[in-house]
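Take a look at the structure set out below.
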Amino acid sequence: MAVDLLYTVDKACALCGRAFPVVRVRNRLRMIRQDADFCTVYADINPYYYDVWVCPHCGYAAQESWFAELKDSAADKLKAFLAGKDVQLDFSGERSRRQALDTYRLAIFYAGLTGQPASRLGALFLRMAWLFREAGDEMHERPALLEARKHYEQALMREPLPIGNLSELALEYLVAELYRRTGELDRALAGFSRIVGNPKAKLEKRLLEMAREAWQATRDLRDGRKSEPKPAPELLTP
């Protein structure tokens with residue numbers, strides 16, 4: 001059962017300092033596939049539901065990987081914003097997709113309010129898009145992908161690389177794939193072509209092969225021939 005893959009630990013809030021329970025996912029997941037934009041689909045449970053921590057006491061929300069990283073200036077801004085507000089949030093226990101989406105909306109709001117790097121906002125929007133994809137909700141998936149693309153492009157230009165598990169080439173590939181998924185096929189082809197033509201890509205053979213397959217699939221799609229990139233191996237997680 002999915003609930004058997006979850007466990008709860010207490011963590012201190014980076015903003016208010018009070019302890020609260022967070023739900024984590026055990027490392028016993030069975031992968032079904034990984035989509036070309038690195039969305040990994042697992043059997044039994046979706047770990048992206050639990051990637052955002054939300055403090056029930058003050059309302060602060062952020063992705064688990066950087067929840068504890070809160071500068072004093074950002075904390076002061078958040079405290080001023082939250083002062084006098086009656087926070088009643090409870091995302092403990094097993095989450096529904098709707099609850100998971102709400103946690104991402106909160107994290108995106110606070111990331112923008114505190115001036116987090118574009119790559120962090122890109123990762124939040126991308127995961128939100130994956131949840132909409134899981135639901136078959138293309139109407140909401142596309143705007144989230146557009147936001148992810150915008151922020152990852154900004155990260156490519158402004159942030160030191162690599163970013164987390166993403167090398168410069170991997171981030172360029174992801175941006176090109178997001179162009180493909182949002183219908184801008186010529187921009188996607190140009191992005192995949194740059195990767196294929198980059199001598200450094202020979203050092204990342206899996207990524208090079210993915211870019212080649214994606215270039216061909218995108219060209220076929222543009223020219224009216226039905227084609228999709230093959231599912232990616234479990235390679236990277238933005």
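Letters A, B, ... mark the chains of the structure tokens in the order given; residue numbers begin at 1 per chain; ligand numbers begin at 1, in order shown.
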message: So that I can check the surroundings of Leu178 in chain A, please list as a PyMOL selection string every protein, DNA and RNA residue that reaches within 9 Å of it, counting only C-alpha atoms and ignoring chain neighbours fewer than 3 positions away.
response: chain A and resi 37+145-146+148-149+173-175+181-184+188
field: Residue among A:Phe132, A:Tyr179, A:Tyr49, A:Phe109 lying closest to Tyr152 in chain A, counting only C-alpha atoms
entry: A:Tyr179
Give the helix (DSSP H, G or I) residues of range 74-132 of chain A, as DSSP finds them on the backbone, and put them as a PDB file with C-alpha atoms, in the first residue's frame.
ATOM      1  CA  ALA A  74      14.022  37.002   3.429  1.00  0.00           C
ATOM      2  CA  ALA A  75      12.870  35.906   6.877  1.00  0.00           C
ATOM      3  CA  ASP A  76      12.192  39.519   7.870  1.00  0.00           C
ATOM      4  CA  LYS A  77      10.137  40.034   4.724  1.00  0.00           C
ATOM      5  CA  LEU A  78       8.114  36.893   5.382  1.00  0.00           C
ATOM      6  CA  LYS A  79       7.506  37.743   9.023  1.00  0.00           C
ATOM      7  CA  ALA A  80       6.238  41.179   8.027  1.00  0.00           C
ATOM      8  CA  PHE A  81       3.934  39.610   5.444  1.00  0.00           C
ATOM      9  CA  LEU A  82       2.585  36.958   7.815  1.00  0.00           C
ATOM     10  CA  ARG A  97      -3.139  15.582  -5.758  1.00  0.00           C
ATOM     11  CA  ARG A  98      -5.161  18.690  -4.986  1.00  0.00           C
ATOM     12  CA  GLN A  99      -3.326  19.152  -1.690  1.00  0.00           C
ATOM     13  CA  ALA A 100       0.021  18.597  -3.394  1.00  0.00           C
ATOM     14  CA  LEU A 101      -0.791  21.265  -5.981  1.00  0.00           C
ATOM     15  CA  ASP A 102      -1.731  23.652  -3.187  1.00  0.00           C
ATOM     16  CA  THR A 103       1.672  23.126  -1.552  1.00  0.00           C
ATOM     17  CA  TYR A 104       3.410  23.995  -4.822  1.00  0.00           C
ATOM     18  CA  ARG A 105       1.333  27.141  -5.183  1.00  0.00           C
ATOM     19  CA  LEU A 106       2.385  28.179  -1.689  1.00  0.00           C
ATOM     20  CA  ALA A 107       6.051  27.396  -2.355  1.00  0.00           C
ATOM     21  CA  ILE A 108       5.985  29.338  -5.634  1.00  0.00           C
ATOM     22  CA  PHE A 109       4.429  32.332  -3.889  1.00  0.00           C
ATOM     23  CA  TYR A 110       7.032  32.354  -1.113  1.00  0.00           C
ATOM     24  CA  ALA A 111       9.889  31.732  -3.562  1.00  0.00           C
ATOM     25  CA  GLY A 112       8.842  34.800  -5.512  1.00  0.00           C
ATOM     26  CA  LEU A 113       8.361  36.872  -2.368  1.00  0.00           C
ATOM     27  CA  ALA A 118      15.105  31.252 -11.112  1.00  0.00           C
ATOM     28  CA  SER A 119      16.163  27.605 -11.094  1.00  0.00           C
ATOM     29  CA  ARG A 120      14.193  26.998  -7.898  1.00  0.00           C
ATOM     30  CA  LEU A 121      11.061  28.527  -9.354  1.00  0.00           C
ATOM     31  CA  GLY A 122      11.641  26.512 -12.524  1.00  0.00           C
ATOM     32  CA  ALA A 123      11.798  23.284 -10.533  1.00  0.00           C
ATOM     33  CA  LEU A 124       8.574  24.114  -8.684  1.00  0.00           C
ATOM     34  CA  PHE A 125       6.652  24.953 -11.844  1.00  0.00           C
ATOM     35  CA  LEU A 126       7.999  21.849 -13.582  1.00  0.00           C
ATOM     36  CA  ARG A 127       6.851  19.553 -10.781  1.00  0.00           C
ATOM     37  CA  MET A 128       3.473  21.269 -10.780  1.00  0.00           C
ATOM     38  CA  ALA A 129       3.232  20.550 -14.513  1.00  0.00           C
ATOM     39  CA  TRP A 130       4.013  16.886 -13.828  1.00  0.00           C
ATOM     40  CA  LEU A 131       1.110  16.696 -11.379  1.00  0.00           C
ATOM     41  CA  PHE A 132      -1.244  18.166 -13.962  1.00  0.00           C
TER      42      PHE A 132
END
query: How many Å separate CA of Leu171 in chain A from CA of Cys39 in chain A?
result: 14.0 Å
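Backbone DSSP over range 7-238 of chain A yields strand (DSSP E or B) at Tyr7, Thr8, Val9, Asp10, Lys11, Ala12, Ala19, Phe20, Pro21, Val22, Val23, Arg24, Val25, Met31, Ile32, Arg33, Gln34, Thr40, Val41, Tyr42, Val52, Trp53, Val54, Ala61, Ala62, Gln63, Ile163, Leu166 and Ala232 of chain A.
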Please produce a file of those selected residues containing C-alpha atoms, as a compact mmCIF listing (two decimals), in the first residue's frame.
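Heads up, here's the output in result_0.txt:
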# COMPACT_ATOMS: atom_id res chain seq x y z
CA TYR A 7 6.95 7.96 7.24
CA THR A 8 6.86 11.08 9.39
CA VAL A 9 9.69 13.01 11.02
CA ASP A 10 9.74 16.27 12.95
CA LYS A 11 11.57 19.24 11.47
CA ALA A 12 12.15 22.78 12.69
CA ALA A 19 8.78 21.87 15.15
CA PHE A 20 6.25 20.29 12.83
CA PRO A 21 5.78 16.85 11.23
CA VAL A 22 6.81 16.32 7.62
CA VAL A 23 5.96 13.29 5.52
CA ARG A 24 8.79 11.65 3.64
CA VAL A 25 8.86 8.83 1.09
CA MET A 31 10.14 3.18 -11.38
CA ILE A 32 7.77 2.69 -14.30
CA ARG A 33 9.30 5.20 -16.71
CA GLN A 34 10.92 8.60 -17.00
CA THR A 40 9.83 9.98 -13.20
CA VAL A 41 6.70 7.89 -12.84
CA TYR A 42 6.65 5.35 -10.02
CA VAL A 52 7.20 20.71 -0.55
CA TRP A 53 7.22 21.19 3.21
CA VAL A 54 4.63 23.51 4.76
CA ALA A 61 6.45 26.63 2.40
CA ALA A 62 9.47 25.60 0.35
CA GLN A 63 10.88 22.63 -1.47
CA ILE A 163 22.50 23.50 -10.85
CA LEU A 166 21.68 19.42 -13.93
CA ALA A 232 14.35 8.77 -20.92
message: Calculated over only C-alpha atoms, which of the candidates A:Ala217, A:Ala68, A:Cys16, A:Ile45 has the smallest distance to Ala83 in chain A?
response: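 Closest residue, counting only C-alpha atoms: A:Cys16.
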